[in-house]
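Shown next: data.tsv, given as TSV, C-alpha atoms.
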chain	number	residue	atom	x	y	z
Q	1	MET	CA	0.00	0.00	0.00
Q	2	THR	CA	2.88	2.34	0.81
Q	3	ASN	CA	4.32	1.85	-2.68
Q	4	GLN	CA	0.96	2.61	-4.28
Q	5	VAL	CA	0.66	5.85	-2.34
Q	6	SER	CA	4.22	6.78	-3.27
Q	7	ASP	CA	3.50	6.10	-6.94
Q	8	LEU	CA	0.47	8.37	-6.82
Q	9	GLU	CA	2.45	11.12	-5.16
Q	10	ASP	CA	5.05	10.90	-7.94
Q	11	SER	CA	2.36	10.78	-10.64
Q	12	LYS	CA	1.94	13.47	-13.22
Q	13	VAL	CA	-1.46	14.24	-14.69
Q	14	VAL	CA	-1.67	14.31	-18.48
Q	15	LEU	CA	-4.87	15.80	-19.83
Q	16	PHE	CA	-5.94	14.60	-23.27
Q	17	ARG	CA	-8.80	16.92	-24.08
Q	18	ARG	CA	-10.06	18.49	-27.28
Q	19	ASN	CA	-9.81	22.09	-26.11
Q	20	ALA	CA	-9.04	24.22	-23.09
Q	21	SER	CA	-12.73	24.81	-22.29
Q	22	ALA	CA	-13.08	21.10	-21.53
Q	23	VAL	CA	-10.79	21.40	-18.51
Q	24	PRO	CA	-12.84	21.89	-15.32
Q	25	ARG	CA	-12.17	25.21	-13.62
Q	26	GLN	CA	-12.80	24.00	-10.10
Q	27	ARG	CA	-10.00	21.94	-8.60
Q	28	ARG	CA	-11.16	18.77	-6.89
Q	29	THR	CA	-9.22	16.55	-4.53
Q	30	GLY	CA	-8.67	12.82	-4.01
Q	31	VAL	CA	-9.90	10.21	-6.46
Q	32	ASP	CA	-12.39	12.60	-8.10
Q	33	GLU	CA	-9.52	14.85	-9.16
Q	34	ARG	CA	-7.95	12.01	-11.17
Q	35	ARG	CA	-11.17	10.72	-12.70
Q	36	GLY	CA	-11.14	11.03	-16.51
Q	37	GLN	CA	-7.41	11.75	-16.57
Q	38	VAL	CA	-4.39	9.75	-17.66
Q	39	LEU	CA	-1.74	9.51	-14.97
Q	40	THR	CA	1.91	8.95	-15.80
Q	41	THR	CA	3.87	7.21	-13.05
Q	42	LYS	CA	7.38	5.85	-12.75
Q	43	VAL	CA	6.12	2.37	-13.58
Q	44	GLY	CA	3.49	3.03	-16.24
Q	45	LEU	CA	0.24	4.75	-17.23
Q	46	GLN	CA	-2.98	4.72	-15.26
Q	47	MET	CA	-5.76	4.87	-17.83
Q	48	PRO	CA	-9.32	5.89	-16.90
Q	49	ALA	CA	-12.00	3.28	-17.59
Q	50	GLY	CA	-14.14	5.62	-19.71
Q	51	LEU	CA	-11.42	6.88	-22.08
Q	52	THR	CA	-12.77	7.29	-25.63
Q	53	PHE	CA	-10.91	5.97	-28.66
Q	54	GLU	CA	-10.23	9.52	-29.85
Q	55	ASP	CA	-8.67	10.48	-26.53
Q	56	TRP	CA	-6.71	7.22	-26.41
Q	57	GLU	CA	-5.37	7.91	-29.91
Q	58	ARG	CA	-4.53	11.49	-28.97
Q	59	ALA	CA	-2.68	10.25	-25.89
Q	60	GLY	CA	-0.56	7.97	-28.08
Q	61	ARG	CA	0.44	10.85	-30.34
Q	62	GLN	CA	1.41	12.99	-27.38
Q	63	LEU	CA	3.37	10.20	-25.71
Q	64	SER	CA	5.18	9.51	-28.98
Q	65	GLY	CA	6.13	13.19	-29.19
Q	66	ILE	CA	7.50	13.10	-25.64
Q	67	VAL	CA	9.61	10.01	-26.37
Q	68	ASN	CA	11.00	11.56	-29.55
Q	69	SER	CA	11.77	14.86	-27.82
Q	70	SER	CA	13.44	13.13	-24.88
Q	71	SER	CA	16.09	11.64	-27.19
Q	72	TRP	CA	17.08	15.15	-28.27
Q	73	TRP	CA	16.90	16.42	-24.68
Q	74	LEU	CA	19.19	13.70	-23.36
Q	75	GLY	CA	21.59	14.09	-26.27
Q	76	ASP	CA	21.86	17.85	-25.76
Q	77	TRP	CA	22.19	17.33	-22.01
Q	78	LEU	CA	25.20	15.06	-22.44
Q	79	VAL	CA	26.80	17.32	-25.05
Q	80	TYR	CA	26.53	20.24	-22.65
Q	81	GLY	CA	27.95	18.18	-19.78
Q	82	LYS	CA	30.90	16.98	-21.84
Q	83	ASP	CA	31.63	20.50	-23.06
Q	84	HIS	CA	31.36	22.21	-19.66
Q	85	TYR	CA	32.22	19.58	-17.04
Q	86	THR	CA	34.86	17.42	-18.70
Q	87	ASP	CA	36.12	15.92	-15.45
Q	88	ARG	CA	32.74	15.52	-13.73
Q	89	TYR	CA	29.98	14.81	-16.26
Q	90	GLN	CA	30.16	11.02	-15.88
Q	91	ARG	CA	29.38	11.46	-12.19
Q	92	GLY	CA	26.23	13.33	-13.20
Q	93	ILE	CA	25.24	10.47	-15.51
Q	94	ARG	CA	25.64	7.93	-12.73
Q	95	ALA	CA	23.67	10.10	-10.32
Q	96	ALA	CA	20.84	10.34	-12.86
Q	97	GLY	CA	20.85	6.55	-13.30
Q	98	LEU	CA	21.16	6.74	-17.09
Q	99	GLN	CA	22.81	4.33	-19.52
Q	100	TYR	CA	26.03	5.93	-20.74
Q	101	GLN	CA	26.20	4.08	-24.07
Q	102	THR	CA	22.65	5.08	-24.97
Q	103	LEU	CA	23.38	8.68	-24.04
Q	104	ARG	CA	26.51	8.68	-26.20
Q	105	ASN	CA	24.45	7.57	-29.19
Q	106	TYR	CA	21.96	10.37	-28.51
Q	107	ALA	CA	24.79	12.88	-28.10
Q	108	TRP	CA	26.42	11.77	-31.35
Q	109	VAL	CA	23.22	12.46	-33.31
Q	110	SER	CA	22.69	15.75	-31.46
Q	111	ARG	CA	26.18	16.95	-32.39
Q	112	ARG	CA	25.61	16.02	-36.03
Q	113	PHE	CA	22.50	18.19	-36.24
Q	114	ASP	CA	22.64	21.79	-35.13
Q	115	PHE	CA	19.51	22.84	-33.27
Q	116	THR	CA	18.34	24.98	-36.22
Q	117	ARG	CA	18.55	22.04	-38.65
Q	118	ARG	CA	16.38	19.62	-36.73
Q	119	ARG	CA	12.99	18.92	-38.28
Q	120	ALA	CA	10.11	18.86	-35.82
Q	121	ALA	CA	8.00	16.91	-38.31
Q	122	LEU	CA	10.54	14.05	-38.29
Q	123	SER	CA	11.54	11.79	-35.43
Q	124	PHE	CA	14.89	11.55	-33.72
Q	125	GLN	CA	15.38	8.20	-35.46
Q	126	HIS	CA	14.94	9.85	-38.87
Q	127	HIS	CA	17.86	12.11	-38.00
Q	128	ALA	CA	19.86	9.19	-36.60
Q	129	GLU	CA	19.56	7.40	-39.95
Q	130	LEU	CA	21.25	10.38	-41.63
Q	131	ALA	CA	23.76	11.37	-38.96
Q	132	SER	CA	26.75	9.78	-40.71
Q	133	LEU	CA	26.13	11.62	-44.00
Q	134	PRO	CA	27.61	14.98	-45.08
Q	135	ILE	CA	25.42	17.98	-44.27
Q	136	ASP	CA	24.24	18.55	-47.84
Q	137	GLU	CA	23.06	14.94	-48.10
Q	138	GLN	CA	21.42	15.17	-44.69
Q	139	GLU	CA	19.41	18.17	-45.84
Q	140	LEU	CA	18.44	16.45	-49.09
Q	141	TRP	CA	17.10	13.36	-47.34
Q	142	LEU	CA	15.44	15.37	-44.56
Q	143	ASP	CA	13.57	17.34	-47.23
Q	144	ARG	CA	12.47	14.17	-48.99
Q	145	ALA	CA	11.42	12.42	-45.79
Q	146	GLU	CA	9.43	15.44	-44.67
Q	147	GLN	CA	7.71	15.99	-48.01
Q	148	MET	CA	6.91	12.30	-48.54
Q	149	GLN	CA	6.04	11.72	-44.86
Q	150	TRP	CA	8.29	8.66	-44.78
Q	151	THR	CA	8.64	6.43	-41.77
Q	152	THR	CA	12.16	5.67	-40.57
Q	153	LYS	CA	12.02	2.33	-42.38
Q	154	GLN	CA	10.91	3.98	-45.62
Q	155	LEU	CA	13.72	6.52	-45.36
Q	156	ARG	CA	16.29	3.77	-44.82
Q	157	SER	CA	14.90	1.85	-47.78
Q	158	ALA	CA	15.00	4.93	-50.04
Q	159	ILE	CA	18.63	5.58	-49.15
Q	160	ARG	CA	19.53	1.95	-49.87
Q	161	VAL	CA	17.81	2.07	-53.27
Q	162	ALA	CA	19.60	5.31	-54.12
Q	163	ARG	CA	22.97	3.76	-53.22
Q	164	GLU	CA	22.19	0.70	-55.36
Q	165	ASP	CA	21.25	2.95	-58.29
Q	166	GLU	CA	24.52	4.83	-57.89
Q	167	ALA	CA	26.43	1.56	-57.93
Q	168	ARG	CA	24.71	0.41	-61.12
Q	169	ASP	CA	25.34	3.75	-62.81
Q	170	GLY	CA	28.98	3.71	-61.74
Q	171	THR	CA	28.62	7.13	-60.12
Q	172	GLN	CA	30.14	6.33	-56.73
Q	173	THR	CA	32.50	8.88	-55.31
Q	174	PRO	CA	35.84	7.72	-53.84
Q	175	GLU	CA	34.23	8.05	-50.38
Q	176	THR	CA	31.41	5.59	-51.16
Q	177	MET	CA	33.78	3.10	-52.79
Q	178	ARG	CA	35.96	2.59	-49.73
Q	179	ARG	CA	35.75	-0.90	-48.25
Q	180	LEU	CA	37.05	-2.53	-45.11
Q	181	ALA	CA	37.80	-6.26	-45.03
Q	182	VAL	CA	36.10	-7.78	-41.97
Q	183	PRO	CA	35.99	-11.51	-41.06
Q	184	GLY	CA	32.45	-12.93	-41.32
Q	185	SER	CA	32.35	-14.15	-37.71
Q	186	ARG	CA	33.23	-10.71	-36.42
Q	187	LEU	CA	30.65	-9.07	-38.65
Q	188	GLN	CA	27.93	-11.34	-37.22
Q	189	TRP	CA	29.11	-10.46	-33.73
Q	190	TRP	CA	28.81	-6.77	-34.49
Q	191	HIS	CA	25.34	-7.20	-35.99
Q	192	LYS	CA	24.21	-8.96	-32.81
Q	193	ALA	CA	25.57	-6.14	-30.65
Q	194	ALA	CA	23.78	-3.54	-32.81
Q	195	GLU	CA	20.49	-5.44	-32.52
Q	196	GLN	CA	20.80	-5.63	-28.74
Q	197	SER	CA	21.46	-1.88	-28.65
Q	198	GLY	CA	18.30	-1.31	-30.68
Q	199	ILE	CA	19.95	0.85	-33.34
Q	200	ASP	CA	20.79	0.52	-37.02
Q	201	PHE	CA	23.96	-1.47	-37.76
Q	202	GLU	CA	25.76	1.30	-39.66
Q	203	GLN	CA	24.87	3.81	-36.96
Q	204	TRP	CA	26.15	1.42	-34.30
Q	205	VAL	CA	29.46	0.94	-36.13
Q	206	LEU	CA	29.98	4.68	-36.54
Q	207	ALA	CA	28.99	5.45	-32.95
Q	208	THR	CA	31.29	2.71	-31.61
Q	209	LEU	CA	34.24	3.94	-33.66
Q	210	ASP	CA	33.55	7.54	-32.61
Q	211	ASN	CA	33.43	6.47	-28.96
Q	212	ALA	CA	36.71	4.56	-29.28
Q	213	ALA	CA	38.38	7.52	-30.99
Q	214	GLU	CA	37.10	9.90	-28.33
Q	215	ARG	CA	38.38	7.70	-25.51
Q	216	ALA	CA	41.79	7.44	-27.19
Q	217	LEU	CA	42.01	11.20	-27.65
Q	218	VAL	CA	40.93	11.88	-24.06
Q	219	GLU	CA	43.53	9.43	-22.76
Q	220	ASP	CA	46.20	11.13	-24.89
Q	221	GLU	CA	45.19	14.53	-23.52
Q	222	GLU	CA	45.30	13.26	-19.93
Q	223	ALA	CA	48.71	11.69	-20.53
Q	224	GLU	CA	50.00	14.96	-21.97
Q	225	ARG	CA	48.67	16.90	-18.97
Q	226	GLU	CA	50.26	14.44	-16.55
Q	227	GLN	CA	53.56	14.64	-18.42
Q	228	ALA	CA	53.39	18.44	-18.40
Q	229	GLY	CA	52.77	18.35	-14.64
Q	230	ILE	CA	55.76	16.09	-14.08
Q	231	SER	CA	57.97	18.27	-16.27
Q	232	ALA	CA	56.91	21.37	-14.35
What's the structure tokens form of this structure?
Amino acid sequence: MTNQVSDLEDSKVVLFRRNASAVPRQRRTGVDERRGQVLTTKVGLQMPAGLTFEDWERAGRQLSGIVNSSSWWLGDWLVYGKDHYTDRYQRGIRAAGLQYQTLRNYAWVSRRFDFTRRRAALSFQHHAELASLPIDEQELWLDRAEQMQWTTKQLRSAIRVAREDEARDGTQTPETMRRLAVPGSRLQWWHKAAEQSGIDFEQWVLATLDNAAERALVEDEEAEREQAGISA
């Protein structure tokens, strides 16, 4: 019973109404106050018994928007922490109870898209699909995805078809023709890791390499500082 009370105290009320006039002006207390409302708690949603399909559908759209926005929020949060608190930001991550690897993926996408270039009509995952591309190609595919109202899967498929067409036409640039020889067993291992992380394979590879490069550079910087301190 104590846990249930605690959950209610930590609950946030989300109103899914058609217009502002539908919100009652008089504040009520107790159970009556929560009747007809959707409550978000730390362990799930509390849905009212009489919720209409329209309100249920509207709730889904709003929840989807929150999830999409939170990826950007967390990515920007980590970028700021890394830029301003180089020696302490990991402590903040641990205190917040967040998964560092997931945050790094969010931060990587956030860095690749300046705030002014992010499309509100497209999801964070749309941007993640394009994060490894040059800016001009990012803008091209963002425009297409927005105009055609593509899902993430449709965007990924369109990019793949375009690459295949380029290959058939022999129009690859030196950048797209670069190849890396990887043993098959290792490739399968990487695919499995990407699936467990819940992100696209190419994005996972790029993010992992970026993370490794960043760690190596940070270690080099720390070694240089230590050497400078010893020399002094």
Requested in this report: Find the spatial neighbours of segment 190-195 of chain Q, counting only C-alpha atoms, within a cut-off of 9 Å - ignore same-chain residues fewer than 6 positions away - and output them as a ChimeraX atom specification.
Outcome: /Q:201-205
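Rounded to one decimal, atom CA of Asp165 of chain Q and atom CA of Trp141 of chain Q lie 15.7 Å from each other.
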**Report entry** Between atom CA of Leu217 of chain Q and atom CA of Asp200 of chain Q - distance in Å to one decimal
**Finding:** 25.5 Å
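If you count only C-alpha atoms and ignore residues fewer than 5 places along the chain from segment 145-150 of chain Q, what sits within 7 Å of it is Q:Ala121, Q:Leu122, Q:Leu155.
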Report summary line: One decimal place gives the atom CA of Trp108 of chain Q-atom CA of Gln62 of chain Q separation as 25.4 Å
Can you pull out the residues contacting Val79 of chain Q? Cut-off 9 Å, using only C-alpha atoms, and skip same-chain residues under 2 positions away; I want them as a compact mmCIF listing (two decimals) with C-alpha atoms, keeping the file's coordinate frame.
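As written to disk, part07.txt reads:
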# COMPACT_ATOMS: atom_id res chain seq x y z
CA LEU Q 74 19.19 13.70 -23.36
CA GLY Q 75 21.59 14.09 -26.27
CA ASP Q 76 21.86 17.85 -25.76
CA TRP Q 77 22.19 17.33 -22.01
CA GLY Q 81 27.95 18.18 -19.78
CA LYS Q 82 30.90 16.98 -21.84
CA ASP Q 83 31.63 20.50 -23.06
CA HIS Q 84 31.36 22.21 -19.66
CA ARG Q 104 26.51 8.68 -26.20
CA ALA Q 107 24.79 12.88 -28.10
CA TRP Q 108 26.42 11.77 -31.35
CA SER Q 110 22.69 15.75 -31.46
CA ARG Q 111 26.18 16.95 -32.39
Requested in this report: Starting from the point (18.5, 8.5, -36.2), work out which residues of protein, DNA or RNA have an atom no more than 10 Å away when counting all atoms listed in the file; state them as a VMD selection string.
Outcome: chain Q and resid 71 105 to 106 108 to 110 122 to 132 152 199 to 200 203
Requested in this report: Can you pull out every residue within 12 Å of Gly60 of chain Q, counting all atoms listed in the file, but drop anything in the same chain fewer than 5 positions away, and send it as a ChimeraX atom specification?
Outcome: /Q:14,16,38,45,47,53-55,65-67
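Between Leu103 of chain Q and the candidates Q:Thr116, Q:Asn211, Q:Gln46, Q:Gln138, the tightest atom-to-atom separation, counting all atoms listed in the file, involves Q:Asn211.
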